[in-house]
Amino acid sequence: MGRIVVDVMLKPEILDPQGQAVRGALPRLGLTDFTDVRQGKRFVLSVDGEVTPEHLARAREAAETLLSNPVIEDVVDVHELVHDEPEQAPLTGEGAR
Amino acid sequence: MGRIVVDVMLKPEILDPQGQAVRGALPRLGLTDFTDVRQGKRFVLSVDGEVTPEHLARAREAAETLLSNPVIEDVVDVHELVHDEPEQAPLTGEGAR
Amino acid sequence: MSTLDTVAHAGQTPDLDQPWADLGLKEDEYARIREILGRRPTIAELAMYSVMWSEHCSYKSSKVHLRRFGDLPQTTPLGDTLAGIGENAGVIDVGQGWAVTFKVESHNHPSYVEPYQGAATGVGGIVRDIMAMGARPVAVMDPLRFGAIDHPDTARVLPGVVKGIGGYGNSLGLPNVGGEIVFDECYQGNPLVNALCVGTLRHEDLHLAKASGAGNKVVLFGAKTGGDGIGGVSVLASETFDEGGPTKRPAVQVGDPFAEKVLIECCLELYRAGVVEGIQDLGGAGLSCATSELASAGDGGMSVELDRVPLRDSTLRAEEILMSESQERMMAVVAPDQVDAFMAITDRWDVEATVLGEVTGTGRLVITWHGETIVDVPPRSVAHDGPVYDRPMARPQWLDAVQADSSASLPRPGTDELGQVVLDLLASPNLCDKSWVTDQYDRYVLGNTRQAMPADAGLVRIDERTGLGIAVSTDCNGRFGRLDPYAGAQLALSESYRNVATTGALPLAVTDCLNFGSPEDPEVMWQFERAVAGLFDACLELGIPVTGGNVSFYNQTGDVAIHPTPVVGVLGVIEDVAKGVGAGFAHDGQVVLALGRTRDELDGGEWAHALHGHLGGVPPQVDLAAEKALADFFVAAVRAGVLTSSHDVSDGGLAITLAESALRHGVGASLDLTPVCERDGVDLTTALLSESVARAVVTVADEQSLATVVNLAAEHGVPVARVGTTGGSTLKVKGALELEVDAMRLAHTATMRSYFAS
Amino acid sequence: MKIGVVTFPGSLDDHDARRAVDLCGGEAVALWHRDADLRGVDAVVIPGGFSYGDYLRAGAISRFAPVMTEVVRGAEAGMPVLGICNGFQILCESHLLPGAMIQNDHRTFVCRDQRLRVESTSTAWTGDFEDGEEITIVLKNQDGQFVADADTLDRLEGEGRVVFRYLGANPNGSYRDIAGISNARGNVVGLMPHPEHCVEEGYGPSLDGRRFFTSVLQEMVSA
Ligand SMILES: Nc1ncnc2c1ncn2[C@@H]1O[C@H](COP(=O)(O)OP(=O)(O)O)[C@@H](O)[C@H]1O
Ligand SMILES: [Mg+2]
């Protein structure tokens, strides 16, 4: 089974209340480094077998038509999920990338 | 300004209503390749200056404590947003990655 | 670095070519600006005038007609209004020291572009209007119009709009207590998203939007300012002097209901603390509007340091900041010695507040940018003395033909077909059960909702101690408006008034949202004038004022305008909300009474529309005297406590009123309409389907109550007929139909789900 | 008996919860999210609403409010705590209760009069109910789907900590129809439906909400 990742973010000029809320909460955890936070969506699409260029093309089509709202969002990335990405393996401790 | 991406996905065993809805809608657009869809969250954290290992460590801390709820979610990736990623540049046409 | 277009610079470059046309100004409007200023405007001034003189902000096409509403006596049946047309929202006295403010507004076009955010920010905007009066918002309503139910674009627009209204209103903690959902092809491409908000206040809490008292501080508080809603100004960008060009400006505004909820609580605390001299919300035209209106309504002078405005996007230029329509912002006028107290409260709520400037005695609105003057204008010329057009009007050519094409040409169903007709009507888009929508709205929050959908009117307690309450309804049948805009507006008022009255509340005041096509089309302008005249005459006759409202023009695609859709909201008061009566048969064995007179009036009604796709003829006869008599009867009967239920007759006629009454609690009835037919000279089909005004169905529990009701009806001149008894699992109308309540429910509830539940 | 009701930015039903406490014979005390101070109350209600807009995850940000440190401390010492809707979400995010809430399975906000079965009367907030009693309580939420892993669910069931279950069609996809749960000790209860909207004749579908508050008042007297 292959997987394709589609990343969608609000356009930079659009207000992101969710990101703002996170931005406001971080200092309360003592995390003061972050000057801005934006929250977007990440979709993982599965296909049978290997990911082909056609799959990617169709994922792009889905990204532009269904997964994002072009009025307020940008599709910022569509790519195959490769196995050395730590996908779905929870990140723990120091060793994690 | 440096940026760090945090990707959070619902744990595989949790049913994902939003992903299911997308999964159901794709065939109506003639997109029949996708056997499963999961929707997660993508955060982009900004820092002043270059991203340092300390920034990444703090982003990981934020990811584990605030940005995800370990009961239902996994932090699947924390990484610096590098400039050759097509970040924030809308994807268009064939040439797009 | 770019050159700043200062007032001084404008003086030195009188002949600079300016993009007034691209900003929507007419040549003579631009000339007038030059005349007012005695020089060419700066870019910032041009931006302000263009947006404030737009149709949306200046009401330039509608003003000559709307002025009439100001001629109505500014009194309700309970006394003088506390604030009327011209304020952010009208305020009326409802007794016991309480006042209520309410207003309906449109957010039509934004909701077509981006249904969720458009509708959400529509709710946000009207709520801020209500807050700006010093009131606590207590309820919202949402009159909606969409294209055909089966059109693919309706599948895009409706769910988004509903989610947006719910997403914003629910997050604010405001119960949604009513609205409308109407489908008609004429709204394809021009859906109507109107939003109404009601607020309550003590008389002494009334606040007005004016900046008085030289030396008082002008404070901007709430969200940061971004580039929202300044698409028009991109025109300026290309004309001005920046290198590199600006970053993109958002095409739609995104709402942050959380920020607004905090703003509501923060404002109420500011009012309680007595630290606000004047207050204005920021809506259309943003700071341009707030500064010029505050100054114009007050002492007339204000100075503002625009560079102090907290920004979300640091690339914004001065004129963009002036025009930005970023949401969730307010502007207050605060005495200098109260500023610290003010800031302590905004801090407590984590609301950002910034002193931008102060009230002056100069009579000028002066705005600086890093010390340089970029605006120096008489504020009245921006806010109140915009252009006024008396646009040409023409009675539509097609109207005679349409009026001649009455529904008499349609095959009236025989008595044996009526059962199926009722089922078909119950399932039809405009009459079907709307709970798929209304279940997405919180109707319980605040704990004061006595009645919400599917009631005739929302019924809300406003004083926990005494039970004082209000009833609100919004209505409009755009098809009637198309057949006769004068009558259409009156019928909208008639129905809304009746819906309020059936609860037992005394109707007090009107707000309206006039949704029309292009004012540049003389036929549309004629429709508009007729609708305003109709509403004016009807309010005069009913003795209630119009306290506020909104006009939405340009709802058309190409040459084709929507039906004239003057949505009318009526607000009423009830001394003890616990006595309010709801719709629906609740118990077996009660007497059913039909009130009012039925005429043969099927033109423009739901039967002709839903089952025959026909629209022609003339709408039902307006009978405001009968409407008033019915309302007075209800107030008396509800006060006497003799009604166990009441439901008005409107869309779909008596058949639908009876069916809905049975569906409400699952209690059937056995009825015989012979008394109605004989008295009014109509056949059974007409009795069931006609949409004559001033009618309702009520139930009483016993003979004694019956006698009281009959007496009260006689006293008020309301025709009353005993038509049957409640009970059983079917709705039976002798000689016409017998339908299982369960079968009716199936038909009634399937429609919305089949189109929208995915 | 003093019952504190916490107000966060974005809390909506705080006023209603205070009204309910007062109507049922308690004394409501308003608590403020920023203050690490419970003002001497005997019990706490975390009310419904959309604290911090429910952005990120419902309840996620409120968990870090100063008042919550005190609530957690009190709860661990046995003080009765009731989380209603958003309050339930906050209690889960604070780890006072297990599991989590995700979006309703139908992805829409739902407001309805919900039938529930009372599955446990041995908590601080349900002593006045009968075991197995069926009640009607207003339900209104967007993120009301209770989820937890199978072990946690089994443990909750085994220990009698499922306090309320939805009757009829499951309104939001909650696992095993769970509408409310308690901690092991029974002093902390969270549920999605809104008892504070069911305490006054004519302003809600029932009066079944009253007994949440009378239960805890009773409990505190006997404690
Ligand atoms: N968009 C909406 N939002 C909230 N309530 C609505 C909406 N549309 C319809 N309703 C409610 O559904 C009920 C039935 O609507 P309608 O048939 O238009 O009522 P009426 O004929 O009494 O004006 C009313 O309570 C109305 O307020
Ligand atoms: Mg009605």
# chains A, B, ... in the order shown; residues from 1 in each chain; ligands from 1
$ residues_near_ligand --ligand "ligand 1" --cutoff "7 Å" --atoms "only C-alpha atoms and all ligand atoms" --output "list of chain:residue names"
C:Met141, C:Asp142, C:Pro143, C:Leu144, C:Asn176, C:Val177, C:Gly178, C:Gly179, C:Glu180, C:Ile181, C:Leu431, C:Lys434, C:Val437, C:Thr438, C:Ala452, C:Met453, C:Pro454, C:Ala455, C:Asp456, C:Ala457, C:Gly458, C:Ser473, C:Thr474, C:Asp475, C:Ser496, C:Asn499, C:Asp648, C:Ser650, C:Asp651
$ interface_residues --of "chain D" --to "chain C" --cutoff "9 Å" --atoms "only C-alpha atoms" --output "ChimeraX atom specification"
/D:9-16,19,34,49-55,106,108-112,138,140-142,196-198,200-204
$ closest_residue --among "C:Lys224, C:His384, C:His65, C:Arg498" --to "ligand 2" --atoms "only C-alpha atoms and all ligand atoms"
C:Arg498
$ residues_around --residues "B:Asp74" --least-positions-apart "2" --cutoff "6 Å" --atoms "only C-alpha atoms" --output "PyMOL selection string"
(chain A and resi 90) or (chain B and resi 8-9+11+76)
$ interface_residues --of "chain B" --to "chain A" --cutoff "6 Å" --atoms "only C-alpha atoms" --output "PyMOL selection string"
chain B and resi 34-47+74-76+87-90
$ interface_residues --of "chain D" --to "chain B" --cutoff "9 Å" --atoms "only C-alpha atoms" --output "number ranges by chain"
D: 56-57, 60-61, 93, 98-107, 147-149
$ write_last_selection --atoms "N, CA, C and O atoms" --output "PDB file, in the first residue's frame"
ATOM      1  N   LEU D  56      -7.742  24.181  18.229  1.00  0.00           N
ATOM      2  CA  LEU D  56      -6.793  23.099  18.501  1.00  0.00           C
ATOM      3  C   LEU D  56      -7.548  21.814  18.803  1.00  0.00           C
ATOM      4  O   LEU D  56      -7.732  20.999  17.926  1.00  0.00           O
ATOM      5  N   ARG D  57      -7.971  21.620  20.036  1.00  0.00           N
ATOM      6  CA  ARG D  57      -8.869  20.527  20.402  1.00  0.00           C
ATOM      7  C   ARG D  57      -9.749  21.072  21.512  1.00  0.00           C
ATOM      8  O   ARG D  57      -9.297  21.870  22.328  1.00  0.00           O
ATOM      9  N   ALA D  60      -8.364  21.703  25.138  1.00  0.00           N
ATOM     10  CA  ALA D  60      -6.905  21.533  25.185  1.00  0.00           C
ATOM     11  C   ALA D  60      -6.199  22.720  25.830  1.00  0.00           C
ATOM     12  O   ALA D  60      -5.249  22.559  26.586  1.00  0.00           O
ATOM     13  N   ILE D  61      -6.665  23.918  25.524  1.00  0.00           N
ATOM     14  CA  ILE D  61      -5.946  25.098  25.997  1.00  0.00           C
ATOM     15  C   ILE D  61      -6.354  25.442  27.430  1.00  0.00           C
ATOM     16  O   ILE D  61      -5.523  25.816  28.257  1.00  0.00           O
ATOM     17  N   GLU D  93      -8.813  16.255  28.910  1.00  0.00           N
ATOM     18  CA  GLU D  93      -7.511  16.817  28.533  1.00  0.00           C
ATOM     19  C   GLU D  93      -6.616  16.970  29.758  1.00  0.00           C
ATOM     20  O   GLU D  93      -5.399  16.903  29.658  1.00  0.00           O
ATOM     21  N   PRO D  98     -10.389   9.526  31.892  1.00  0.00           N
ATOM     22  CA  PRO D  98      -9.730   8.884  30.752  1.00  0.00           C
ATOM     23  C   PRO D  98     -10.478   9.140  29.437  1.00  0.00           C
ATOM     24  O   PRO D  98     -11.620   9.601  29.448  1.00  0.00           O
ATOM     25  N   GLY D  99      -9.829   8.833  28.344  1.00  0.00           N
ATOM     26  CA  GLY D  99     -10.482   8.972  27.048  1.00  0.00           C
ATOM     27  C   GLY D  99     -10.358  10.372  26.502  1.00  0.00           C
ATOM     28  O   GLY D  99      -9.669  11.230  27.062  1.00  0.00           O
ATOM     29  N   ALA D 100     -11.036  10.602  25.385  1.00  0.00           N
ATOM     30  CA  ALA D 100     -10.970  11.908  24.730  1.00  0.00           C
ATOM     31  C   ALA D 100     -12.224  12.078  23.885  1.00  0.00           C
ATOM     32  O   ALA D 100     -12.949  11.110  23.626  1.00  0.00           O
ATOM     33  N   MET D 101     -12.445  13.319  23.462  1.00  0.00           N
ATOM     34  CA  MET D 101     -13.597  13.581  22.603  1.00  0.00           C
ATOM     35  C   MET D 101     -13.108  14.023  21.230  1.00  0.00           C
ATOM     36  O   MET D 101     -12.236  14.885  21.124  1.00  0.00           O
ATOM     37  N   ILE D 102     -13.672  13.422  20.205  1.00  0.00           N
ATOM     38  CA  ILE D 102     -13.384  13.907  18.856  1.00  0.00           C
ATOM     39  C   ILE D 102     -14.690  14.386  18.231  1.00  0.00           C
ATOM     40  O   ILE D 102     -15.764  14.294  18.839  1.00  0.00           O
ATOM     41  N   GLN D 103     -14.587  14.885  17.011  1.00  0.00           N
ATOM     42  CA  GLN D 103     -15.742  15.390  16.293  1.00  0.00           C
ATOM     43  C   GLN D 103     -16.872  14.355  16.210  1.00  0.00           C
ATOM     44  O   GLN D 103     -16.619  13.161  16.092  1.00  0.00           O
ATOM     45  N   ASN D 104     -18.111  14.837  16.261  1.00  0.00           N
ATOM     46  CA  ASN D 104     -19.257  13.939  16.077  1.00  0.00           C
ATOM     47  C   ASN D 104     -19.099  13.162  14.770  1.00  0.00           C
ATOM     48  O   ASN D 104     -18.601  13.715  13.788  1.00  0.00           O
ATOM     49  N   ASP D 105     -19.562  11.936  14.772  1.00  0.00           N
ATOM     50  CA  ASP D 105     -19.356  11.124  13.561  1.00  0.00           C
ATOM     51  C   ASP D 105     -20.043  11.719  12.332  1.00  0.00           C
ATOM     52  O   ASP D 105     -19.559  11.565  11.221  1.00  0.00           O
ATOM     53  N   HIS D 106     -21.149  12.452  12.535  1.00  0.00           N
ATOM     54  CA  HIS D 106     -21.843  13.059  11.392  1.00  0.00           C
ATOM     55  C   HIS D 106     -21.287  14.438  11.066  1.00  0.00           C
ATOM     56  O   HIS D 106     -21.776  15.120  10.166  1.00  0.00           O
ATOM     57  N   ARG D 107     -20.296  14.904  11.808  1.00  0.00           N
ATOM     58  CA  ARG D 107     -19.542  16.117  11.538  1.00  0.00           C
ATOM     59  C   ARG D 107     -20.362  17.395  11.636  1.00  0.00           C
ATOM     60  O   ARG D 107     -19.969  18.432  11.123  1.00  0.00           O
ATOM     61  N   VAL D 147     -14.131   8.759  22.792  1.00  0.00           N
ATOM     62  CA  VAL D 147     -13.316   7.640  22.325  1.00  0.00           C
ATOM     63  C   VAL D 147     -12.274   7.271  23.384  1.00  0.00           C
ATOM     64  O   VAL D 147     -11.844   8.120  24.161  1.00  0.00           O
ATOM     65  N   ALA D 148     -11.940   6.013  23.418  1.00  0.00           N
ATOM     66  CA  ALA D 148     -10.863   5.521  24.292  1.00  0.00           C
ATOM     67  C   ALA D 148     -10.483   4.152  23.761  1.00  0.00           C
ATOM     68  O   ALA D 148     -11.243   3.546  22.987  1.00  0.00           O
ATOM     69  N   ASP D 149      -9.310   3.662  24.155  1.00  0.00           N
ATOM     70  CA  ASP D 149      -8.947   2.344  23.638  1.00  0.00           C
ATOM     71  C   ASP D 149      -9.749   1.259  24.359  1.00  0.00           C
ATOM     72  O   ASP D 149     -10.372   1.498  25.394  1.00  0.00           O
TER      73      ASP D 149
END
$ select_by_dssp --residues "stretch 36-172 of chain D" --states "helix (DSSP H, G or I)" --output "number ranges by chain"
D: 51-54, 62-64, 66-76, 86-93, 150-158
$ atom_distance --atom1 "atom CA of C:Asp559" --atom2 "atom CA of C:Glu185"
14.7 Å
$ residues_around --residues "C:Trp526" --least-positions-apart "6" --cutoff "12 Å" --atoms "only C-alpha atoms" --output "list in words"
Ser61, Ser62, His65, Asp390, Arg391, Pro392, Met393, Ala394, Arg395, Pro396, Gln397, Leu399, Gly481, Arg482, Asp484, Pro485, Tyr486, Phe516, Gly517, Ser518, Pro519, Glu520, Val532, Ala533 and Pro564 of chain C
$ write_last_selection --atoms "N, CA and C atoms" --output "mmCIF file, in the first residue's frame"
data_model
loop_
_atom_site.group_PDB
_atom_site.id
_atom_site.type_symbol
_atom_site.label_atom_id
_atom_site.label_comp_id
_atom_site.auth_asym_id
_atom_site.auth_seq_id
_atom_site.Cartn_x
_atom_site.Cartn_y
_atom_site.Cartn_z
ATOM 1 N N SER C 61 -28.934 54.998 -3.058
ATOM 2 C CA SER C 61 -30.099 54.785 -3.924
ATOM 3 C C SER C 61 -31.383 54.625 -3.122
ATOM 4 N N SER C 62 -31.253 54.223 -1.886
ATOM 5 C CA SER C 62 -32.461 53.900 -1.119
ATOM 6 C C SER C 62 -32.872 55.009 -0.159
ATOM 7 N N HIS C 65 -36.087 56.954 -0.268
ATOM 8 C CA HIS C 65 -37.294 56.185 0.068
ATOM 9 C C HIS C 65 -37.316 55.812 1.539
ATOM 10 N N ASP C 390 -32.086 59.954 -6.634
ATOM 11 C CA ASP C 390 -33.485 59.615 -6.836
ATOM 12 C C ASP C 390 -33.532 58.895 -8.175
ATOM 13 N N ARG C 391 -33.327 57.618 -8.139
ATOM 14 C CA ARG C 391 -33.146 56.873 -9.376
ATOM 15 C C ARG C 391 -34.471 56.682 -10.113
ATOM 16 N N PRO C 392 -34.369 56.587 -11.417
ATOM 17 C CA PRO C 392 -35.596 56.401 -12.208
ATOM 18 C C PRO C 392 -36.300 55.088 -11.857
ATOM 19 N N MET C 393 -37.614 55.171 -11.912
ATOM 20 C CA MET C 393 -38.420 53.998 -11.590
ATOM 21 C C MET C 393 -39.385 53.738 -12.731
ATOM 22 N N ALA C 394 -39.683 52.475 -12.956
ATOM 23 C CA ALA C 394 -40.656 52.146 -13.988
ATOM 24 C C ALA C 394 -41.390 50.869 -13.607
ATOM 25 N N ARG C 395 -42.695 50.947 -13.689
ATOM 26 C CA ARG C 395 -43.477 49.744 -13.413
ATOM 27 C C ARG C 395 -43.110 48.703 -14.474
ATOM 28 N N PRO C 396 -42.765 47.479 -14.040
ATOM 29 C CA PRO C 396 -42.309 46.490 -15.020
ATOM 30 C C PRO C 396 -43.348 46.218 -16.111
ATOM 31 N N GLN C 397 -42.826 46.112 -17.312
ATOM 32 C CA GLN C 397 -43.664 45.790 -18.481
ATOM 33 C C GLN C 397 -44.406 44.473 -18.292
ATOM 34 N N LEU C 399 -45.499 43.010 -15.712
ATOM 35 C CA LEU C 399 -46.330 42.794 -14.540
ATOM 36 C C LEU C 399 -47.795 42.499 -14.882
ATOM 37 N N GLY C 481 -44.104 39.269 -3.385
ATOM 38 C CA GLY C 481 -43.384 40.494 -3.743
ATOM 39 C C GLY C 481 -43.275 40.654 -5.255
ATOM 40 N N ARG C 482 -43.085 39.564 -5.929
ATOM 41 C CA ARG C 482 -42.977 39.626 -7.388
ATOM 42 C C ARG C 482 -44.328 39.998 -8.008
ATOM 43 N N ASP C 484 -46.735 41.634 -6.599
ATOM 44 C CA ASP C 484 -47.142 42.983 -6.194
ATOM 45 C C ASP C 484 -46.260 43.407 -5.019
ATOM 46 N N PRO C 485 -45.211 44.162 -5.308
ATOM 47 C CA PRO C 485 -44.252 44.476 -4.237
ATOM 48 C C PRO C 485 -44.854 45.263 -3.085
ATOM 49 N N TYR C 486 -45.825 46.092 -3.374
ATOM 50 C CA TYR C 486 -46.467 46.860 -2.305
ATOM 51 C C TYR C 486 -47.184 45.900 -1.353
ATOM 52 N N PHE C 516 -33.097 43.219 -2.818
ATOM 53 C CA PHE C 516 -33.594 43.506 -4.160
ATOM 54 C C PHE C 516 -32.483 43.348 -5.191
ATOM 55 N N GLY C 517 -32.869 43.499 -6.454
ATOM 56 C CA GLY C 517 -31.902 43.472 -7.550
ATOM 57 C C GLY C 517 -31.155 44.795 -7.665
ATOM 58 N N SER C 518 -30.791 45.147 -8.881
ATOM 59 C CA SER C 518 -29.971 46.349 -9.077
ATOM 60 C C SER C 518 -30.816 47.615 -9.057
ATOM 61 N N PRO C 519 -30.409 48.599 -8.263
ATOM 62 C CA PRO C 519 -31.156 49.865 -8.217
ATOM 63 C C PRO C 519 -31.016 50.654 -9.509
ATOM 64 N N GLU C 520 -30.053 50.244 -10.338
ATOM 65 C CA GLU C 520 -29.866 50.952 -11.604
ATOM 66 C C GLU C 520 -30.870 50.483 -12.643
ATOM 67 N N VAL C 532 -41.234 49.702 0.004
ATOM 68 C CA VAL C 532 -41.067 50.631 1.127
ATOM 69 C C VAL C 532 -42.401 51.309 1.427
ATOM 70 N N ALA C 533 -43.089 51.725 0.369
ATOM 71 C CA ALA C 533 -44.382 52.381 0.581
ATOM 72 C C ALA C 533 -45.352 51.431 1.276
ATOM 73 N N PRO C 564 -38.501 40.513 -5.363
ATOM 74 C CA PRO C 564 -38.371 41.481 -4.272
ATOM 75 C C PRO C 564 -38.573 40.730 -2.950
#
$ residues_around --residues "stretch 27-31 of chain D" --least-positions-apart "4" --cutoff "7 Å" --atoms "only C-alpha atoms" --output "mmCIF file with N, CA and C atoms, in the first residue's frame"
data_model
loop_
_atom_site.group_PDB
_atom_site.id
_atom_site.type_symbol
_atom_site.label_atom_id
_atom_site.label_comp_id
_atom_site.auth_asym_id
_atom_site.auth_seq_id
_atom_site.Cartn_x
_atom_site.Cartn_y
_atom_site.Cartn_z
ATOM 1 N N MET D 1 -23.842 25.365 51.148
ATOM 2 C CA MET D 1 -22.847 24.642 50.346
ATOM 3 C C MET D 1 -22.434 25.466 49.139
ATOM 4 N N LYS D 2 -21.185 25.691 49.004
ATOM 5 C CA LYS D 2 -20.718 26.519 47.893
ATOM 6 C C LYS D 2 -20.238 25.639 46.738
ATOM 7 N N ILE D 3 -20.757 25.947 45.586
ATOM 8 C CA ILE D 3 -20.315 25.229 44.393
ATOM 9 C C ILE D 3 -19.723 26.250 43.427
ATOM 10 N N GLY D 4 -18.475 26.040 43.093
ATOM 11 C CA GLY D 4 -17.802 26.967 42.191
ATOM 12 C C GLY D 4 -18.108 26.630 40.741
ATOM 13 N N VAL D 5 -18.254 27.661 39.914
ATOM 14 C CA VAL D 5 -18.440 27.458 38.480
ATOM 15 C C VAL D 5 -17.336 28.250 37.776
ATOM 16 N N VAL D 6 -16.520 27.556 37.027
ATOM 17 C CA VAL D 6 -15.360 28.205 36.411
ATOM 18 C C VAL D 6 -15.765 28.896 35.118
ATOM 19 N N THR D 7 -15.274 30.102 34.918
ATOM 20 C CA THR D 7 -15.444 30.783 33.633
ATOM 21 C C THR D 7 -14.087 30.894 32.942
ATOM 22 N N ARG D 18 -24.512 28.376 37.128
ATOM 23 C CA ARG D 18 -24.672 29.057 38.424
ATOM 24 C C ARG D 18 -26.147 29.154 38.788
ATOM 25 N N VAL D 21 -27.273 25.804 40.090
ATOM 26 C CA VAL D 21 -26.798 25.558 41.458
ATOM 27 C C VAL D 21 -27.694 26.281 42.457
ATOM 28 N N ASP D 22 -27.955 27.548 42.173
ATOM 29 C CA ASP D 22 -28.772 28.347 43.092
ATOM 30 C C ASP D 22 -30.198 27.802 43.186
ATOM 31 N N LEU D 38 -9.726 28.585 44.504
ATOM 32 C CA LEU D 38 -11.088 28.033 44.434
ATOM 33 C C LEU D 38 -12.042 28.727 45.408
#
$ atom_distance --atom1 "atom CA of C:Leu4" --atom2 "atom CA of C:Glu319"
10.4 Å
$ closest_residue --among "C:His609, C:His647, C:Lys26, C:His748" --to "ligand 2" --atoms "only C-alpha atoms and all ligand atoms"
C:His647
$ interface_residues --of "chain C" --to "chain A" --cutoff "7 Å" --atoms "only C-alpha atoms" --output "MDAnalysis selection string"
chainID C and resid 248:250 254 256
$ atom_distance --atom1 "atom CA of C:Tyr187" --atom2 "atom CA of C:Gly147"
4.5 Å
$ select_by_dssp --residues "stretch 319-399 of chain C" --states "strand (DSSP E or B)" --output "list in words"
Arg329, Met330, Met331, Ala332, Val333, Val334, Ala353, Thr354, Val355, Leu356, Gly357, Glu358, Val359, Thr360, Leu365, Val366, Ile367, Thr368, Trp369, Glu372, Thr373, Ile374, Val375, Asp376 and Val377 of chain C
$ closest_residue --among "D:Phe164, D:Ala124, D:Leu153, D:Pro66" --to "D:Val221" --atoms "only C-alpha atoms"
D:Ala124
